[in-house]
Amino acid sequence: MRSVCARLEKSAPLIDADKVLVVFVDDPTIRELNERFKNVKSATNVLSFEINQTDPEDGRNVLGEIIVSVDTAQREAENAGMPARDRLIELFVHGFVHLLGYDHTAGRQEAARMRRKEQQILHHMNQARQRSGKRA
């Protein structure tokens, strides 16, 4: 995931933040978080929480936290016939775009705008990957 984050950072000057926290969890954990913070009693694939505060330990601005369910990501990848790693990257980008202020639940236009931003970021990341000659 470090290489993914490095490519994201190089892909475009997208934000004025120094770091994003990423946590990988299982379905029971994300279900609990989803219920506690979103009042939804089921597992989900990704949650994002805006922080926008300075980390007192290193003085860096933390944009937010992205929590990804590895269990759900693996199921979704299997259903889509894609590598789990690719699905994890998509979910990370989805959560990141939420931290940028996009919200697909705010109507069709906003959902389309969010999807375009996700595709733009994934495209930039793929170009960076190709230039470095590495897999995602």
# chains A, B, ... in the order shown; residues from 1 in each chain; ligands from 1
call {"tool": "residues_around", "arguments": {"residues": "Asn45 of chain A", "least_positions_apart": "6", "cutoff": "7 Å", "atoms": "only C-alpha atoms", "output": "number ranges by chain"}}
result
A: 68-69, 72-73
call {"tool": "residues_around", "arguments": {"residues": "Val97 of chain A", "least_positions_apart": "6", "cutoff": "8 Å", "atoms": "only C-alpha atoms", "output": "ChimeraX atom specification"}}
result
/A:114,117-118
call {"tool": "closest_residue", "arguments": {"among": "A:Ala106, A:Asn61, A:Glu90, A:Gly101", "to": "Met125 of chain A", "atoms": "only C-alpha atoms"}}
result
A:Glu90
call {"tool": "residues_around", "arguments": {"residues": "Leu21 of chain A", "least_positions_apart": "5", "cutoff": "7 Å", "atoms": "only C-alpha atoms", "output": "count of residues only"}}
result
3
call {"tool": "residues_around", "arguments": {"residues": "Asn34 of chain A", "least_positions_apart": "5", "cutoff": "12 Å", "atoms": "only C-alpha atoms", "output": "short mmCIF file (atom, residue, chain, number, x, y, z; two decimals) with N, CA and C atoms, in the first residue's frame"}}
result
data_model
loop_
_atom_site.label_atom_id
_atom_site.label_comp_id
_atom_site.auth_asym_id
_atom_site.auth_seq_id
_atom_site.Cartn_x
_atom_site.Cartn_y
_atom_site.Cartn_z
N ASP A 27 -14.80 -7.70 8.56
CA ASP A 27 -16.21 -7.31 8.49
C ASP A 27 -16.83 -7.00 9.86
N PRO A 28 -16.58 -7.81 10.89
CA PRO A 28 -17.19 -7.47 12.18
C PRO A 28 -16.75 -6.08 12.68
N THR A 29 -15.51 -5.72 12.45
CA THR A 29 -15.03 -4.41 12.91
C THR A 29 -15.67 -3.28 12.13
N ASN A 39 -24.87 4.82 11.80
CA ASN A 39 -26.16 4.26 12.21
C ASN A 39 -26.70 3.26 11.19
N VAL A 40 -25.79 2.50 10.58
CA VAL A 40 -26.14 1.46 9.63
C VAL A 40 -25.66 0.13 10.20
N LYS A 41 -26.59 -0.82 10.36
CA LYS A 41 -26.27 -2.08 11.04
C LYS A 41 -25.82 -3.17 10.06
N SER A 42 -24.81 -2.86 9.25
CA SER A 42 -24.26 -3.86 8.33
C SER A 42 -22.82 -3.49 8.01
N ALA A 43 -22.13 -4.47 7.49
CA ALA A 43 -20.76 -4.22 7.04
C ALA A 43 -20.80 -3.39 5.76
N THR A 44 -19.74 -2.70 5.49
CA THR A 44 -19.58 -1.94 4.25
C THR A 44 -18.16 -2.17 3.76
N ASN A 45 -17.84 -1.69 2.59
CA ASN A 45 -16.49 -1.94 2.08
C ASN A 45 -15.48 -0.90 2.56
N VAL A 46 -15.92 0.37 2.70
CA VAL A 46 -14.98 1.42 3.11
C VAL A 46 -15.72 2.52 3.85
N LEU A 47 -15.06 3.08 4.84
CA LEU A 47 -15.54 4.25 5.56
C LEU A 47 -14.44 5.31 5.54
N SER A 48 -14.84 6.57 5.50
CA SER A 48 -13.88 7.67 5.54
C SER A 48 -14.32 8.65 6.61
N PHE A 49 -13.34 9.16 7.32
CA PHE A 49 -13.61 10.14 8.36
C PHE A 49 -12.64 11.31 8.19
N ILE A 67 -10.96 3.59 6.33
CA ILE A 67 -11.03 2.26 6.92
C ILE A 67 -11.62 1.32 5.87
N VAL A 68 -10.87 0.29 5.52
CA VAL A 68 -11.26 -0.63 4.45
C VAL A 68 -11.48 -2.03 5.04
N SER A 69 -12.60 -2.65 4.69
CA SER A 69 -12.85 -4.03 5.08
C SER A 69 -12.19 -4.95 4.06
#
call {"tool": "residues_around", "arguments": {"residues": "Val62 of chain A", "least_positions_apart": "4", "cutoff": "12 Å", "atoms": "only C-alpha atoms", "output": "MDAnalysis selection string"}}
result
chainID A and resid 15:22 49:58 66 99
call {"tool": "select_by_dssp", "arguments": {"residues": "chain A", "states": "helix (DSSP H, G or I)", "output": "ChimeraX atom specification"}}
result
/A:2-11,27-38,70-80,84-99,104-106,108-132
call {"tool": "closest_residue", "arguments": {"among": "A:His98, A:Phe24, A:Arg87, A:Arg31", "to": "Glu110 of chain A", "atoms": "only C-alpha atoms"}}
result
A:His98
call {"tool": "atom_distance", "arguments": {"atom1": "atom CA of Asn79 of chain A", "atom2": "atom CA of Leu91 of chain A"}}
result
15.0 Å
call {"tool": "select_by_dssp", "arguments": {"residues": "segment 48-81 of chain A", "states": "strand (DSSP E)", "output": "VMD selection string"}}
result
chain A and resid 48 to 54 61 to 69
call {"tool": "atom_distance", "arguments": {"atom1": "atom CA of Leu122 of chain A", "atom2": "atom CA of Arg75 of chain A"}}
result
20.9 Å
call {"tool": "atom_distance", "arguments": {"atom1": "atom CA of Arg60 of chain A", "atom2": "atom CA of Ile121 of chain A"}}
result
22.7 Å
call {"tool": "decode", "arguments": {"residues": "chain A", "atoms": "C-alpha atoms", "output": "PDB file, in the first residue's frame"}}
result
ATOM      1  CA  MET A   1       0.000   0.000   0.000  1.00  0.00           C
ATOM      2  CA  ARG A   2       2.967   2.328   0.501  1.00  0.00           C
ATOM      3  CA  SER A   3       3.726   2.230  -3.217  1.00  0.00           C
ATOM      4  CA  VAL A   4       0.074   2.999  -3.954  1.00  0.00           C
ATOM      5  CA  CYS A   5       0.184   6.003  -1.626  1.00  0.00           C
ATOM      6  CA  ALA A   6       3.447   7.187  -3.164  1.00  0.00           C
ATOM      7  CA  ARG A   7       1.909   7.056  -6.652  1.00  0.00           C
ATOM      8  CA  LEU A   8      -1.174   8.857  -5.385  1.00  0.00           C
ATOM      9  CA  GLU A   9       1.026  11.593  -4.002  1.00  0.00           C
ATOM     10  CA  LYS A  10       2.897  11.937  -7.314  1.00  0.00           C
ATOM     11  CA  SER A  11      -0.208  11.679  -9.505  1.00  0.00           C
ATOM     12  CA  ALA A  12      -1.374  15.244  -8.979  1.00  0.00           C
ATOM     13  CA  PRO A  13      -1.290  17.992  -6.370  1.00  0.00           C
ATOM     14  CA  LEU A  14      -4.743  17.092  -5.095  1.00  0.00           C
ATOM     15  CA  ILE A  15      -4.824  18.299  -1.515  1.00  0.00           C
ATOM     16  CA  ASP A  16      -3.173  20.444   1.078  1.00  0.00           C
ATOM     17  CA  ALA A  17      -2.495  17.649   3.547  1.00  0.00           C
ATOM     18  CA  ASP A  18       0.557  15.678   4.517  1.00  0.00           C
ATOM     19  CA  LYS A  19      -0.994  12.336   5.301  1.00  0.00           C
ATOM     20  CA  VAL A  20      -4.018  10.099   5.280  1.00  0.00           C
ATOM     21  CA  LEU A  21      -4.405   7.299   7.789  1.00  0.00           C
ATOM     22  CA  VAL A  22      -5.405   3.923   6.322  1.00  0.00           C
ATOM     23  CA  VAL A  23      -6.692   1.042   8.429  1.00  0.00           C
ATOM     24  CA  PHE A  24      -7.530  -2.444   7.142  1.00  0.00           C
ATOM     25  CA  VAL A  25     -10.129  -4.316   9.182  1.00  0.00           C
ATOM     26  CA  ASP A  26     -12.424  -7.351   9.010  1.00  0.00           C
ATOM     27  CA  ASP A  27     -16.209  -7.308   8.493  1.00  0.00           C
ATOM     28  CA  PRO A  28     -17.186  -7.465  12.184  1.00  0.00           C
ATOM     29  CA  THR A  29     -15.028  -4.410  12.912  1.00  0.00           C
ATOM     30  CA  ILE A  30     -16.314  -2.327  10.013  1.00  0.00           C
ATOM     31  CA  ARG A  31     -19.894  -3.371  10.838  1.00  0.00           C
ATOM     32  CA  GLU A  32     -19.398  -2.043  14.376  1.00  0.00           C
ATOM     33  CA  LEU A  33     -17.894   1.220  13.091  1.00  0.00           C
ATOM     34  CA  ASN A  34     -20.627   1.621  10.478  1.00  0.00           C
ATOM     35  CA  GLU A  35     -23.290   1.222  13.143  1.00  0.00           C
ATOM     36  CA  ARG A  36     -21.567   3.530  15.629  1.00  0.00           C
ATOM     37  CA  PHE A  37     -20.790   6.369  13.220  1.00  0.00           C
ATOM     38  CA  LYS A  38     -23.295   5.996  10.355  1.00  0.00           C
ATOM     39  CA  ASN A  39     -26.156   4.264  12.209  1.00  0.00           C
ATOM     40  CA  VAL A  40     -26.142   1.455   9.628  1.00  0.00           C
ATOM     41  CA  LYS A  41     -26.272  -2.083  11.037  1.00  0.00           C
ATOM     42  CA  SER A  42     -24.262  -3.859   8.334  1.00  0.00           C
ATOM     43  CA  ALA A  43     -20.756  -4.224   7.044  1.00  0.00           C
ATOM     44  CA  THR A  44     -19.584  -1.943   4.249  1.00  0.00           C
ATOM     45  CA  ASN A  45     -16.491  -1.936   2.083  1.00  0.00           C
ATOM     46  CA  VAL A  46     -14.980   1.416   3.106  1.00  0.00           C
ATOM     47  CA  LEU A  47     -15.542   4.253   5.563  1.00  0.00           C
ATOM     48  CA  SER A  48     -13.885   7.674   5.542  1.00  0.00           C
ATOM     49  CA  PHE A  49     -13.610  10.145   8.358  1.00  0.00           C
ATOM     50  CA  GLU A  50     -12.378  13.670   7.828  1.00  0.00           C
ATOM     51  CA  ILE A  51      -9.834  14.808  10.424  1.00  0.00           C
ATOM     52  CA  ASN A  52      -8.093  17.927   9.037  1.00  0.00           C
ATOM     53  CA  GLN A  53      -5.931  18.398  12.098  1.00  0.00           C
ATOM     54  CA  THR A  54      -2.255  18.631  12.810  1.00  0.00           C
ATOM     55  CA  ASP A  55      -0.704  15.477  14.210  1.00  0.00           C
ATOM     56  CA  PRO A  56       0.927  16.601  17.485  1.00  0.00           C
ATOM     57  CA  GLU A  57       3.643  13.935  17.126  1.00  0.00           C
ATOM     58  CA  ASP A  58       5.049  15.069  13.783  1.00  0.00           C
ATOM     59  CA  GLY A  59       3.334  18.388  13.012  1.00  0.00           C
ATOM     60  CA  ARG A  60       1.913  17.059   9.746  1.00  0.00           C
ATOM     61  CA  ASN A  61      -1.633  17.808   8.618  1.00  0.00           C
ATOM     62  CA  VAL A  62      -3.849  14.700   8.651  1.00  0.00           C
ATOM     63  CA  LEU A  63      -6.585  14.913   6.014  1.00  0.00           C
ATOM     64  CA  GLY A  64      -8.519  11.966   7.407  1.00  0.00           C
ATOM     65  CA  GLU A  65      -8.796   8.264   7.986  1.00  0.00           C
ATOM     66  CA  ILE A  66      -9.859   5.579   5.515  1.00  0.00           C
ATOM     67  CA  ILE A  67     -11.032   2.256   6.918  1.00  0.00           C
ATOM     68  CA  VAL A  68     -11.264  -0.632   4.450  1.00  0.00           C
ATOM     69  CA  SER A  69     -12.845  -4.029   5.084  1.00  0.00           C
ATOM     70  CA  VAL A  70     -10.506  -6.631   3.623  1.00  0.00           C
ATOM     71  CA  ASP A  71     -13.232  -9.284   3.929  1.00  0.00           C
ATOM     72  CA  THR A  72     -15.701  -7.288   1.844  1.00  0.00           C
ATOM     73  CA  ALA A  73     -13.034  -6.223  -0.636  1.00  0.00           C
ATOM     74  CA  GLN A  74     -12.059  -9.853  -1.218  1.00  0.00           C
ATOM     75  CA  ARG A  75     -15.691 -10.883  -1.816  1.00  0.00           C
ATOM     76  CA  GLU A  76     -16.265  -7.987  -4.191  1.00  0.00           C
ATOM     77  CA  ALA A  77     -13.062  -8.787  -6.074  1.00  0.00           C
ATOM     78  CA  GLU A  78     -14.078 -12.434  -6.461  1.00  0.00           C
ATOM     79  CA  ASN A  79     -17.534 -11.420  -7.710  1.00  0.00           C
ATOM     80  CA  ALA A  80     -15.987  -8.987 -10.215  1.00  0.00           C
ATOM     81  CA  GLY A  81     -13.293 -11.458 -11.317  1.00  0.00           C
ATOM     82  CA  MET A  82     -10.480  -9.110 -10.371  1.00  0.00           C
ATOM     83  CA  PRO A  83      -7.461  -9.346  -8.069  1.00  0.00           C
ATOM     84  CA  ALA A  84      -8.253  -8.432  -4.451  1.00  0.00           C
ATOM     85  CA  ARG A  85      -5.340  -5.994  -4.488  1.00  0.00           C
ATOM     86  CA  ASP A  86      -6.944  -4.016  -7.318  1.00  0.00           C
ATOM     87  CA  ARG A  87     -10.228  -3.837  -5.417  1.00  0.00           C
ATOM     88  CA  LEU A  88      -8.425  -2.648  -2.283  1.00  0.00           C
ATOM     89  CA  ILE A  89      -6.825   0.132  -4.330  1.00  0.00           C
ATOM     90  CA  GLU A  90     -10.208   1.143  -5.758  1.00  0.00           C
ATOM     91  CA  LEU A  91     -11.699   1.274  -2.269  1.00  0.00           C
ATOM     92  CA  PHE A  92      -8.770   3.299  -0.967  1.00  0.00           C
ATOM     93  CA  VAL A  93      -9.256   5.812  -3.797  1.00  0.00           C
ATOM     94  CA  HIS A  94     -13.014   5.881  -3.172  1.00  0.00           C
ATOM     95  CA  GLY A  95     -12.427   6.679   0.492  1.00  0.00           C
ATOM     96  CA  PHE A  96      -9.810   9.275  -0.436  1.00  0.00           C
ATOM     97  CA  VAL A  97     -12.204  11.038  -2.806  1.00  0.00           C
ATOM     98  CA  HIS A  98     -14.764  11.199   0.009  1.00  0.00           C
ATOM     99  CA  LEU A  99     -12.103  12.972   2.076  1.00  0.00           C
ATOM    100  CA  LEU A 100     -11.750  15.495  -0.743  1.00  0.00           C
ATOM    101  CA  GLY A 101     -15.408  16.384  -0.207  1.00  0.00           C
ATOM    102  CA  TYR A 102     -17.168  14.293  -2.846  1.00  0.00           C
ATOM    103  CA  ASP A 103     -20.349  12.411  -1.898  1.00  0.00           C
ATOM    104  CA  HIS A 104     -22.001   9.921  -4.240  1.00  0.00           C
ATOM    105  CA  THR A 105     -25.081   9.812  -2.010  1.00  0.00           C
ATOM    106  CA  ALA A 106     -25.878  13.480  -2.765  1.00  0.00           C
ATOM    107  CA  GLY A 107     -27.546  12.802  -6.105  1.00  0.00           C
ATOM    108  CA  ARG A 108     -26.775  11.556  -9.596  1.00  0.00           C
ATOM    109  CA  GLN A 109     -24.689  14.515 -10.687  1.00  0.00           C
ATOM    110  CA  GLU A 110     -22.503  14.350  -7.604  1.00  0.00           C
ATOM    111  CA  ALA A 111     -22.154  10.572  -7.957  1.00  0.00           C
ATOM    112  CA  ALA A 112     -20.990  11.037 -11.565  1.00  0.00           C
ATOM    113  CA  ARG A 113     -18.610  13.823 -10.510  1.00  0.00           C
ATOM    114  CA  MET A 114     -17.182  11.592  -7.781  1.00  0.00           C
ATOM    115  CA  ARG A 115     -16.749   8.674 -10.177  1.00  0.00           C
ATOM    116  CA  ARG A 116     -14.902  10.927 -12.657  1.00  0.00           C
ATOM    117  CA  LYS A 117     -12.520  12.035  -9.888  1.00  0.00           C
ATOM    118  CA  GLU A 118     -11.907   8.419  -8.878  1.00  0.00           C
ATOM    119  CA  GLN A 119     -11.171   7.488 -12.495  1.00  0.00           C
ATOM    120  CA  GLN A 120      -8.845  10.478 -12.860  1.00  0.00           C
ATOM    121  CA  ILE A 121      -6.866   9.454  -9.781  1.00  0.00           C
ATOM    122  CA  LEU A 122      -6.738   5.779 -10.798  1.00  0.00           C
ATOM    123  CA  HIS A 123      -5.571   6.837 -14.280  1.00  0.00           C
ATOM    124  CA  HIS A 124      -2.782   9.003 -12.831  1.00  0.00           C
ATOM    125  CA  MET A 125      -1.763   6.196 -10.493  1.00  0.00           C
ATOM    126  CA  ASN A 126      -1.701   3.709 -13.371  1.00  0.00           C
ATOM    127  CA  GLN A 127       0.492   6.057 -15.421  1.00  0.00           C
ATOM    128  CA  ALA A 128       2.881   6.417 -12.487  1.00  0.00           C
ATOM    129  CA  ARG A 129       2.935   2.624 -12.101  1.00  0.00           C
ATOM    130  CA  GLN A 130       3.727   2.151 -15.771  1.00  0.00           C
ATOM    131  CA  ARG A 131       6.542   4.707 -15.630  1.00  0.00           C
ATOM    132  CA  SER A 132       8.076   2.924 -12.667  1.00  0.00           C
ATOM    133  CA  GLY A 133       7.600  -0.502 -14.265  1.00  0.00           C
ATOM    134  CA  LYS A 134       5.904  -1.860 -11.118  1.00  0.00           C
ATOM    135  CA  ARG A 135       2.561  -3.408 -10.292  1.00  0.00           C
ATOM    136  CA  ALA A 136       0.110  -1.421  -8.182  1.00  0.00           C
TER     137      ALA A 136
END
